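Student: The structure is given below, and queries will be raised subsequently.
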Amino acid sequence: MKAVIAEKPSVAREIAYHLGAVEKKEGYLQGNGYCVTWALGHLVGLAIPEDYGISGFQKESLPILPNPFLLTIRKVKKDKSYTDDIGALKQLKVIEQVINRSDSIIVATDAGREGELIFRYIYEYLNCNKTFERLWINSLTEKAIKQGFENLKPSSDFDGLYKAAQGRSRADWLVGINASQALSIASDFGVYSLGRVQTPTLALICKRFLENKNFTVQTYWQIQLEHRKDFLDFKSLSKNKWNNKKQADETLKSIRRNETAIVTDIENKTVTEQPPLLFDLTGLQKEANKRLGLSAEETLSVAQDLYEKKFITYPRTGSKYIPEDVWQEIPGLIRALESRTSLKEAVSKIKYVRLNKRIVNDLKVTDHHGLLITYKIPSALSAMENAIYDLIAFRLLEAVSQACTKKITDIVLQSSAIEFGMKGIKILELGWRAVKSNFSDEDNEPVQELPELKTGDELKIKNAVVLEKKTKPPVLYTEAGLLSAMENAGNQIENEEERKALQNIGIGTPATRAAIIETLFTRNYIQREKKLLIPTEKGLQVYKIVKDKKISDVAMTAEWELALQKIENNEVDAYVFQKKMEDYAASITHELLQTSITRENLPELICPKCKKQRLIIRDKIVKCLDVACSWVQFRNICGVQISIANIESLVNTNRTSLIKGMKAKSGKKFDAYITLNNKAETSFEFEK
């Protein structure tokens, strides 16, 4: 009998159905010579410091450099300690029994770095030595599963992938455990978390926030002219920018007296705008954040559901291309979309057009090809699933459409010796922009339509005004912007040689970036203000300590990602990488132990319940020093972090100011005051 190990129950059921293993058992399905079972994510992971006999945060124990690294069953926190996850323990025993009864193993965990790690850690933990093959598929359609089983791959093909996954796992442990403990010990005030990718990501957000906050806005003035010709109204803008309004006003008077502007130069150019490529996961997350306001984690969750329902191909892809052999599927996929109401009109626009093969590139397909729909067209999805599915489907239609051709005209006018400029655009061939009838990029200012003009033409000035303008600070990150910054981290490096070496190397991977951002929220390092990502006081506090240290260095983190890619391709020794990470962990630990976190000027507050003891104010809670009293107030209420000022107001006046943007269990947001009654119990008070 052959054992098949999937990553989760829903995938196992699809595979079991294809194999004819339909007899349900506790934790697995069997039949037709197969026994199909599943993991529940990471059942096995790297052991925690307690498993090495190190409890609590002890300065003398740092740095912790396991040799060898131990594996353990997934842990859950219970009270103040960690214990084995009962569900993980139970399913691991099922997997062990299934493997023991089998002659060989087929690995069917998700076809990527993390999927490989999930199986290999289980395999190693169980001290298994049975041979195994790899099922490597891009979708869960019947055809893909059938072809996958007909073309099972030898386990050795994925040894590099496993070593890279293991290297990433160990590197994150070494840096995360040691740096977090070192900073927490140095601070002597709460628990702080640092990480190999988490910390440079936090640094990106904090750096941009401080640049925005400290930006000095400067006011300047420009003159705008309004014209009309051939029944078209259009405007031109002075190339001069005046720092003195009086000078701008004097120039305006001169132009008004002149009443006309002369065309002095015309430049026409034809621009060919290639269609966008297919989505990789990061691209989909950016688009969903811009269009739908979804977080990266929410987008990944919806995409994973669509994948497991067999509507799209594997979502955790880092490629925007497809191989040559997948191209033959594209016409059929497009025809299949005709049955979907939201896409019928778009399909009709490219149905009889020669398809563009720009997305075909075997060399640029990594573990998985770009995101595609499958032949299974959905009819009943949730609103968010429909929205994400349509993003992917529309992008496919755009990607295989022809280029858009534009005629761009730059015109220079002159009036009273002042030059004015204006830009016009004319679509010559709609190409891919016809799919969604989208004729301009929303990120850019709209470009006006201009009449036919020639050099020497005299244009009457209908109106002339002075516009007051202000210089703009660097924009704060949205999740879409942050994902772009993470994806293109190598391009932001100042040193030219380093930048060339790390070009197109980001920090994190498409599969992990959403989790990294969510970790920053969980640690209370960042918060959302509408769509913007803003660092908290705690986040800025950490950034001020680490900003000049290597742990926040985007360049170094990008180098690590490059090394992991090379390990995956068997170009770099994984052991050498681990030794470098151990040396780095020791170095950053020593560095952080020398630092200190300055305490905030916290108010001295007396417990509202016992009226005797002083309150301890921490990042997550405020509590009474008297154990017998045990009064405690959590600082995060319905998703909003309560400020020190509001804690002070609550304790001293029994009422906070109006707290905005709290989220109820239903998901609806609400505003309310938090109040204390005479028993020191909190409740909400709503505005009348």
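Ordering of the structure tokens sets the chain letters (A, B, ...), residue numbers begin anew at 1 in every chain, and ligands are numbered from 1 in the order given.
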Produce a table with one row for each residue of range 313-368 of chain A that has an atom at most 12 Å from any atom of range 500-513 of chain A, each row naming the nearest atom pair and its distance in Å at one decimal; use only C-alpha atoms; arrange rows by chain and rising residue number; format as CSV.
Tutor:
residue,atom,partner,partner_atom,distance
A:Tyr314,CA,A:Ala511,CA,11.0
A:Pro315,CA,A:Ala511,CA,8.6
A:Arg316,CA,A:Ala511,CA,5.1
A:Thr317,CA,A:Pro510,CA,6.7
A:Gly318,CA,A:Pro510,CA,5.8
A:Ser319,CA,A:Pro510,CA,9.4
A:Lys320,CA,A:Pro510,CA,11.7
A:Asp367,CA,A:Ala511,CA,11.9
A:His368,CA,A:Pro510,CA,11.7
Student: Write to file, as a PDB file, in the first residue's frame, the residues of the selection just made, with C-alpha atoms.
Tutor:
ATOM      1  CA  TYR A 314      -1.737  27.462  -6.749  1.00  0.00           C
ATOM      2  CA  PRO A 315      -1.792  30.973  -5.212  1.00  0.00           C
ATOM      3  CA  ARG A 316       1.537  31.088  -3.343  1.00  0.00           C
ATOM      4  CA  THR A 317       3.466  31.651  -6.545  1.00  0.00           C
ATOM      5  CA  GLY A 318       6.346  34.044  -7.109  1.00  0.00           C
ATOM      6  CA  SER A 319       6.123  33.967 -10.917  1.00  0.00           C
ATOM      7  CA  LYS A 320       4.110  36.076 -13.377  1.00  0.00           C
ATOM      8  CA  ASP A 367       8.228  26.533  -8.532  1.00  0.00           C
ATOM      9  CA  HIS A 368       4.828  27.543  -9.908  1.00  0.00           C
TER      10      HIS A 368
END
Student: For range 478-486 of chain A, list every protein, DNA or RNA residue within 8 Å, evaluated using only C-alpha atoms, and leave out those in the same chain fewer than 5 positions away; present the list as a PyMOL selection string.
Tutor: chain A and resi 201+204-205+282+285-287+289-290+295-296+506-508+513+531-533
Student: Write the residues you've just listed into a file as a short mmCIF file (atom, residue, chain, number, x, y, z; two decimals), in the first residue's frame, and include all heavy atoms for each of them.
Tutor:
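The resulting file, selection33.cif, is reproduced below:
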data_model
loop_
_atom_site.label_atom_id
_atom_site.label_comp_id
_atom_site.auth_asym_id
_atom_site.auth_seq_id
_atom_site.Cartn_x
_atom_site.Cartn_y
_atom_site.Cartn_z
N THR A 201 11.26 45.02 7.94
CA THR A 201 9.95 45.47 7.45
C THR A 201 9.42 46.59 8.34
O THR A 201 8.90 47.61 7.86
CB THR A 201 8.95 44.30 7.41
OG1 THR A 201 9.50 43.25 6.61
CG2 THR A 201 7.63 44.73 6.82
N LEU A 204 11.19 49.76 7.49
CA LEU A 204 10.65 50.44 6.30
C LEU A 204 9.48 51.35 6.67
O LEU A 204 9.40 52.51 6.25
CB LEU A 204 10.17 49.40 5.27
CG LEU A 204 11.22 48.64 4.46
CD1 LEU A 204 10.56 47.51 3.68
CD2 LEU A 204 11.96 49.57 3.51
N ILE A 205 8.57 50.82 7.51
CA ILE A 205 7.37 51.57 7.89
C ILE A 205 7.74 52.77 8.75
O ILE A 205 7.25 53.89 8.52
CB ILE A 205 6.39 50.65 8.65
CG1 ILE A 205 5.91 49.52 7.74
CG2 ILE A 205 5.19 51.45 9.17
CD1 ILE A 205 5.18 48.41 8.46
N THR A 282 2.12 38.31 -4.59
CA THR A 282 2.32 39.69 -4.12
C THR A 282 1.55 40.68 -4.99
O THR A 282 0.94 41.63 -4.48
CB THR A 282 3.82 40.04 -4.10
OG1 THR A 282 4.50 39.11 -3.25
CG2 THR A 282 4.05 41.45 -3.57
N GLN A 285 -2.07 40.53 -4.04
CA GLN A 285 -2.29 41.19 -2.73
C GLN A 285 -2.26 42.70 -2.87
O GLN A 285 -3.07 43.40 -2.24
CB GLN A 285 -1.23 40.71 -1.73
CG GLN A 285 -1.45 39.27 -1.28
CD GLN A 285 -0.26 38.70 -0.53
OE1 GLN A 285 0.90 38.98 -0.86
NE2 GLN A 285 -0.52 37.90 0.48
N LYS A 286 -1.36 43.21 -3.69
CA LYS A 286 -1.30 44.67 -3.89
C LYS A 286 -2.57 45.18 -4.56
O LYS A 286 -3.15 46.19 -4.15
CB LYS A 286 -0.07 45.03 -4.75
CG LYS A 286 1.26 44.87 -4.02
CD LYS A 286 2.41 45.50 -4.77
CE LYS A 286 2.72 44.79 -6.06
NZ LYS A 286 3.95 45.31 -6.70
N GLU A 287 -3.01 44.48 -5.60
CA GLU A 287 -4.21 44.90 -6.33
C GLU A 287 -5.45 44.82 -5.44
O GLU A 287 -6.30 45.73 -5.46
CB GLU A 287 -4.39 44.01 -7.57
CG GLU A 287 -5.39 44.53 -8.59
CD GLU A 287 -4.88 45.72 -9.40
OE1 GLU A 287 -3.72 46.14 -9.21
OE2 GLU A 287 -5.65 46.23 -10.23
N ASN A 289 -5.54 45.07 -2.22
CA ASN A 289 -5.47 46.12 -1.22
C ASN A 289 -5.91 47.46 -1.81
O ASN A 289 -6.66 48.22 -1.19
CB ASN A 289 -4.05 46.23 -0.66
CG ASN A 289 -3.93 47.26 0.44
OD1 ASN A 289 -3.31 48.30 0.28
ND2 ASN A 289 -4.56 46.99 1.58
N LYS A 290 -5.47 47.74 -3.05
CA LYS A 290 -5.84 49.00 -3.72
C LYS A 290 -7.32 49.04 -4.07
O LYS A 290 -8.01 50.03 -3.80
CB LYS A 290 -5.04 49.14 -5.03
CG LYS A 290 -3.64 49.68 -4.88
CD LYS A 290 -3.11 50.00 -6.26
CE LYS A 290 -1.64 49.65 -6.35
NZ LYS A 290 -1.12 49.76 -7.72
N SER A 295 -6.49 43.24 3.37
CA SER A 295 -5.11 43.07 3.83
C SER A 295 -4.47 41.94 3.05
O SER A 295 -5.16 41.13 2.42
CB SER A 295 -5.09 42.74 5.33
OG SER A 295 -5.60 41.43 5.55
N ALA A 296 -3.15 41.87 3.10
CA ALA A 296 -2.43 40.80 2.40
C ALA A 296 -2.86 39.43 2.93
O ALA A 296 -3.03 38.48 2.16
CB ALA A 296 -0.92 40.99 2.58
N GLY A 506 13.82 40.57 -3.03
CA GLY A 506 13.06 41.25 -2.00
C GLY A 506 13.39 40.72 -0.62
O GLY A 506 14.32 39.94 -0.44
N ILE A 507 12.61 41.14 0.36
CA ILE A 507 12.72 40.56 1.70
C ILE A 507 11.44 39.76 1.95
O ILE A 507 10.34 40.20 1.64
CB ILE A 507 12.95 41.63 2.80
CG1 ILE A 507 11.87 42.70 2.80
CG2 ILE A 507 14.30 42.26 2.63
CD1 ILE A 507 12.00 43.71 3.92
N GLY A 508 11.61 38.56 2.49
CA GLY A 508 10.50 37.63 2.58
C GLY A 508 10.22 37.04 1.20
O GLY A 508 10.90 37.34 0.21
N ARG A 513 5.09 37.07 3.10
CA ARG A 513 5.01 38.52 3.38
C ARG A 513 3.74 38.89 4.15
O ARG A 513 3.78 39.75 5.01
CB ARG A 513 5.11 39.31 2.07
CG ARG A 513 6.52 39.34 1.52
CD ARG A 513 6.65 40.00 0.17
NE ARG A 513 7.98 39.74 -0.36
CZ ARG A 513 8.25 39.43 -1.62
NH1 ARG A 513 7.26 39.33 -2.50
NH2 ARG A 513 9.48 39.20 -2.01
N LYS A 531 -6.49 53.13 5.37
CA LYS A 531 -5.66 52.19 4.61
C LYS A 531 -4.17 52.31 4.94
O LYS A 531 -3.36 51.53 4.47
CB LYS A 531 -5.85 52.43 3.11
CG LYS A 531 -7.09 51.78 2.51
CD LYS A 531 -7.02 51.89 1.00
CE LYS A 531 -8.16 51.13 0.34
NZ LYS A 531 -8.04 51.12 -1.13
N LEU A 532 -3.82 53.32 5.75
CA LEU A 532 -2.41 53.61 6.00
C LEU A 532 -1.85 52.77 7.16
O LEU A 532 -2.56 52.47 8.12
CB LEU A 532 -2.23 55.10 6.30
CG LEU A 532 -2.69 56.06 5.20
CD1 LEU A 532 -2.58 57.49 5.67
CD2 LEU A 532 -1.88 55.84 3.93
N LEU A 533 -0.57 52.42 7.05
CA LEU A 533 0.13 51.69 8.10
C LEU A 533 0.95 52.68 8.92
O LEU A 533 1.85 53.34 8.39
CB LEU A 533 1.04 50.62 7.50
CG LEU A 533 0.35 49.57 6.62
CD1 LEU A 533 1.37 48.57 6.10
CD2 LEU A 533 -0.75 48.85 7.37
#
Student: Give me the residues within 10 Å of range 360-363 of chain A as a PyMOL selection string, counting only C-alpha atoms and dropping any in the same chain fewer than 6 places off.
Tutor: chain A and resi 277+320-327+369-370+400
Student: Looking at only C-alpha atoms, which of A:Leu194, A:His18, A:Phe132, A:Ile95 is the one that sits closest to Gly148 in chain A?
Tutor: A:His18
Student: Near range 55-71 of chain A, counting only C-alpha atoms, which residues have an atom at most 10 Å away, once you skip same-chain residues fewer than 2 positions from it, shown as a PyMOL selection string?
Tutor: chain A and resi 44-53+73-74+81+121-122+124-125+170+173-175+177-182+184-186+191+579+581-583+585-590+593
Student: Show me, as JSON, numbers by chain, the residues that have an atom within 10 Å of Ala417 in chain A when counting only C-alpha atoms, minus same-chain residues fewer than 2 positions from it.
Tutor: {"A": [251, 254, 255, 261, 413, 414, 415, 419, 420]}
Student: Would you output that residue set with C-alpha atoms, as a PDB file, in the first residue's frame?
Tutor:
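To be explicit, this is the file written out as part36.pdb:
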ATOM      1  CA  THR A 251       3.383  88.054 -13.725  1.00  0.00           C
ATOM      2  CA  SER A 254       1.214  90.922 -17.430  1.00  0.00           C
ATOM      3  CA  ILE A 255      -0.243  87.722 -18.936  1.00  0.00           C
ATOM      4  CA  ALA A 261      -0.273  82.475 -25.776  1.00  0.00           C
ATOM      5  CA  LEU A 413       3.291  77.780 -25.018  1.00  0.00           C
ATOM      6  CA  GLN A 414       4.689  81.214 -24.322  1.00  0.00           C
ATOM      7  CA  SER A 415       2.989  84.310 -22.972  1.00  0.00           C
ATOM      8  CA  GLU A 419       6.695  79.236 -20.734  1.00  0.00           C
ATOM      9  CA  PHE A 420       3.651  77.040 -20.171  1.00  0.00           C
TER      10      PHE A 420
END
Student: Name the residues of range 234-283 of chain A that fall into helix (DSSP H, G or I) according to DSSP on the backbone, using the chain letters and numbers of this document, as a PyMOL selection string.
Tutor: chain A and resi 245-258+281-283
Student: Next, the residues of the selection above should be written as a CSV table (one decimal), in the first residue's frame with N, CA and C atoms.
Tutor:
chain,number,residue,atom,x,y,z
A,245,LYS,N,4.5,84.9,-3.7
A,245,LYS,CA,3.1,85.1,-4.3
A,245,LYS,C,3.0,86.4,-5.0
A,246,LYS,N,3.7,87.4,-4.4
A,246,LYS,CA,3.6,88.7,-5.0
A,246,LYS,C,4.2,88.7,-6.5
A,247,GLN,N,5.3,88.0,-6.6
A,247,GLN,CA,5.9,87.9,-8.0
A,247,GLN,C,5.0,87.2,-8.9
A,248,ALA,N,4.3,86.1,-8.5
A,248,ALA,CA,3.4,85.4,-9.3
A,248,ALA,C,2.2,86.3,-9.7
A,249,ASP,N,1.7,87.1,-8.8
A,249,ASP,CA,0.6,88.0,-9.1
A,249,ASP,C,1.0,89.0,-10.1
A,250,GLU,N,2.2,89.6,-10.0
A,250,GLU,CA,2.7,90.6,-10.9
A,250,GLU,C,2.7,90.0,-12.3
A,251,THR,N,3.3,88.7,-12.4
A,251,THR,CA,3.4,88.1,-13.7
A,251,THR,C,2.0,87.8,-14.3
A,252,LEU,N,1.0,87.4,-13.4
A,252,LEU,CA,-0.3,87.2,-13.9
A,252,LEU,C,-0.9,88.4,-14.5
A,253,LYS,N,-0.7,89.6,-14.0
A,253,LYS,CA,-1.2,90.8,-14.5
A,253,LYS,C,-0.7,91.0,-15.9
A,254,SER,N,0.6,90.7,-16.1
A,254,SER,CA,1.2,90.9,-17.4
A,254,SER,C,0.6,90.0,-18.5
A,255,ILE,N,0.3,88.7,-18.0
A,255,ILE,CA,-0.2,87.7,-18.9
A,255,ILE,C,-1.7,88.1,-19.3
A,256,ARG,N,-2.4,88.6,-18.3
A,256,ARG,CA,-3.8,89.0,-18.6
A,256,ARG,C,-3.9,90.1,-19.6
A,257,ARG,N,-2.9,91.0,-19.5
A,257,ARG,CA,-2.8,92.1,-20.5
A,257,ARG,C,-2.5,91.6,-21.9
A,258,ASN,N,-1.7,90.6,-21.9
A,258,ASN,CA,-1.2,90.0,-23.2
A,258,ASN,C,-2.4,89.3,-23.9
A,281,LEU,N,1.5,36.1,-6.3
A,281,LEU,CA,0.8,36.3,-5.0
A,281,LEU,C,0.9,37.8,-4.6
A,282,THR,N,2.1,38.3,-4.6
A,282,THR,CA,2.3,39.7,-4.1
A,282,THR,C,1.5,40.7,-5.0
A,283,GLY,N,1.5,40.5,-6.3
A,283,GLY,CA,0.8,41.3,-7.2
A,283,GLY,C,-0.7,41.3,-6.9
Student: How far is it from CA of Ile408 in chain A to CA of Gln224 in chain A, in Å with one decimal?
Tutor: 20.7 Å
Student: Apply DSSP to the structure's backbone, then extract all residues of range 526-660 of chain A labelled strand (DSSP E or B) and return them as a ChimeraX atom specification.
Tutor: /A:526-529,532-535,606,614-617,621-624,632-634,636-637,640-641,655,659-660
Student: Output N, CA and C atoms for every residue in that selection, as an mmCIF file, in the first residue's frame.
Tutor:
data_model
loop_
_atom_site.group_PDB
_atom_site.id
_atom_site.type_symbol
_atom_site.label_atom_id
_atom_site.label_comp_id
_atom_site.auth_asym_id
_atom_site.auth_seq_id
_atom_site.Cartn_x
_atom_site.Cartn_y
_atom_site.Cartn_z
ATOM 1 N N ILE A 526 2.654 48.109 14.724
ATOM 2 C CA ILE A 526 2.014 48.979 13.736
ATOM 3 C C ILE A 526 0.497 48.908 13.923
ATOM 4 N N GLN A 527 -0.193 49.894 13.362
ATOM 5 C CA GLN A 527 -1.651 49.896 13.399
ATOM 6 C C GLN A 527 -2.158 50.505 12.099
ATOM 7 N N ARG A 528 -3.426 50.280 11.811
ATOM 8 C CA ARG A 528 -4.025 50.834 10.599
ATOM 9 C C ARG A 528 -4.776 52.117 10.919
ATOM 10 N N GLU A 529 -4.597 53.107 10.082
ATOM 11 C CA GLU A 529 -5.447 54.296 10.098
ATOM 12 C C GLU A 529 -6.039 54.397 8.709
ATOM 13 N N LEU A 532 -3.818 53.318 5.750
ATOM 14 C CA LEU A 532 -2.406 53.609 6.003
ATOM 15 C C LEU A 532 -1.850 52.774 7.156
ATOM 16 N N LEU A 533 -0.569 52.423 7.046
ATOM 17 C CA LEU A 533 0.127 51.693 8.102
ATOM 18 C C LEU A 533 0.952 52.680 8.920
ATOM 19 N N ILE A 534 0.649 52.758 10.208
ATOM 20 C CA ILE A 534 1.283 53.731 11.102
ATOM 21 C C ILE A 534 1.985 52.981 12.225
ATOM 22 N N PRO A 535 3.245 53.313 12.529
ATOM 23 C CA PRO A 535 3.901 52.654 13.664
ATOM 24 C C PRO A 535 3.311 53.134 14.987
ATOM 25 N N ILE A 606 -3.209 55.067 40.941
ATOM 26 C CA ILE A 606 -3.636 54.201 42.043
ATOM 27 C C ILE A 606 -4.803 53.339 41.568
ATOM 28 N N ARG A 614 -0.337 50.853 43.708
ATOM 29 C CA ARG A 614 0.007 51.514 42.443
ATOM 30 C C ARG A 614 -0.272 50.543 41.285
ATOM 31 N N LEU A 615 -0.580 51.097 40.134
ATOM 32 C CA LEU A 615 -0.816 50.283 38.936
ATOM 33 C C LEU A 615 0.466 50.130 38.131
ATOM 34 N N ILE A 616 0.656 48.948 37.577
ATOM 35 C CA ILE A 616 1.742 48.715 36.617
ATOM 36 C C ILE A 616 1.157 48.907 35.226
ATOM 37 N N ILE A 617 1.802 49.738 34.417
ATOM 38 C CA ILE A 617 1.325 49.976 33.049
ATOM 39 C C ILE A 617 2.276 49.285 32.082
ATOM 40 N N ILE A 621 -1.314 45.346 29.076
ATOM 41 C CA ILE A 621 -2.238 45.415 30.211
ATOM 42 C C ILE A 621 -1.864 46.513 31.197
ATOM 43 N N VAL A 622 -2.846 46.871 32.020
ATOM 44 C CA VAL A 622 -2.623 47.710 33.199
ATOM 45 C C VAL A 622 -3.149 46.883 34.368
ATOM 46 N N LYS A 623 -2.310 46.664 35.394
ATOM 47 C CA LYS A 623 -2.788 45.808 36.485
ATOM 48 C C LYS A 623 -2.319 46.329 37.840
ATOM 49 N N CYS A 624 -3.051 45.892 38.871
ATOM 50 C CA CYS A 624 -2.754 46.287 40.244
ATOM 51 C C CYS A 624 -1.603 45.445 40.774
ATOM 52 N N VAL A 632 -7.290 44.221 36.638
ATOM 53 C CA VAL A 632 -6.519 44.267 35.402
ATOM 54 C C VAL A 632 -7.378 44.888 34.301
ATOM 55 N N GLN A 633 -6.722 45.646 33.432
ATOM 56 C CA GLN A 633 -7.406 46.235 32.284
ATOM 57 C C GLN A 633 -6.543 46.009 31.046
ATOM 58 N N PHE A 634 -7.097 45.312 30.061
ATOM 59 C CA PHE A 634 -6.365 45.110 28.810
ATOM 60 C C PHE A 634 -6.360 46.405 28.017
ATOM 61 N N ASN A 636 -5.746 46.655 24.660
ATOM 62 C CA ASN A 636 -6.319 46.522 23.323
ATOM 63 C C ASN A 636 -7.782 46.137 23.470
ATOM 64 N N ILE A 637 -8.661 47.047 23.110
ATOM 65 C CA ILE A 637 -10.093 46.812 23.246
ATOM 66 C C ILE A 637 -10.737 46.876 21.864
ATOM 67 N N VAL A 640 -8.545 48.219 19.114
ATOM 68 C CA VAL A 640 -7.925 49.552 19.236
ATOM 69 C C VAL A 640 -7.045 49.587 20.484
ATOM 70 N N GLN A 641 -5.812 50.055 20.312
ATOM 71 C CA GLN A 641 -4.894 50.184 21.436
ATOM 72 C C GLN A 641 -5.233 51.459 22.221
ATOM 73 N N ARG A 655 -13.674 57.566 32.955
ATOM 74 C CA ARG A 655 -14.157 57.681 31.576
ATOM 75 C C ARG A 655 -13.023 58.080 30.639
ATOM 76 N N ILE A 659 -13.413 56.824 21.924
ATOM 77 C CA ILE A 659 -12.511 55.909 21.203
ATOM 78 C C ILE A 659 -13.162 55.569 19.874
ATOM 79 N N LYS A 660 -12.476 55.867 18.778
ATOM 80 C CA LYS A 660 -13.060 55.659 17.455
ATOM 81 C C LYS A 660 -12.495 54.410 16.778
#
Student: With only C-alpha atoms as the counted atoms, please give the residues lying no more than 10 Å from range 150-162 of chain A, apart from itself and same-chain residues fewer than 4 positions off, as JSON, numbers by chain.
Tutor: {"A": [106, 107, 112, 113, 114, 115, 116, 117, 118, 119, 120, 121, 131, 132, 133, 134, 135, 136, 137, 144, 145, 146, 166, 167, 168, 367, 564, 565, 566, 567, 568, 569, 570, 571, 572, 573, 574]}
Student: Check the smallest atom-to-atom distance from each of A:Glu468, A:Glu494, A:Asp548, A:Glu537 to Gln218 in chain A using only C-alpha atoms, then report the winner.
Tutor: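 Using only C-alpha atoms, the shortest distance to Gln218 in chain A belongs to A:Glu468.
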Student: Kindly indicate which residue among A:Val36, A:Leu183, A:Val263, A:Val11 lies nearest to Lys309 in chain A, using only C-alpha atoms for the distances.
Tutor: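 For Lys309 in chain A, the nearest of the given residues is A:Val11.
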Student: Kindly indicate which residue among A:Ile86, A:Leu592, A:Val94, A:Ala39 lies nearest to Lys25 in chain A, using only C-alpha atoms for the distances.
Tutor: A:Val94
Student: Between A:Ile545, A:Ile493, A:Ile411, A:Val22, which is the closest to Gly456 in chain A once you count only C-alpha atoms?
Tutor: A:Ile411
Student: Considering only C-alpha atoms, can you say which of A:Thr656, A:Ser401, A:Asn127, A:Asn491 comes closest to Lys351 in chain A?
Tutor: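 Selected residue with least distance to Lys351 in chain A: A:Ser401.
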Student: What separation in Å, quoted to one decimal, exists between CA of Gln30 in chain A and CA of His42 in chain A?
Tutor: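 Here the two named atoms are 23.0 Å from each other.
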Student: Just the residues within 10 Å of range 387-396 of chain A, please, counting only C-alpha atoms, with nothing from its chain fewer than 3 positions along; format it as a PyMOL selection string.
Tutor: chain A and resi 275-280+284-285+287-288+291-292+294+299-300+302-303+306+311-312+330+333-334+337+340+342-343+346-347+359+370-374+377-378+381-384+399-401+432+435-436
Student: Tell me, in Å to one decimal, how far CA of Asn438 in chain A is from CA of Lys349 in chain A.
Tutor: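 Atom-to-atom, CA of Asn438 in chain A to CA of Lys349 in chain A, that is 13.2 Å.
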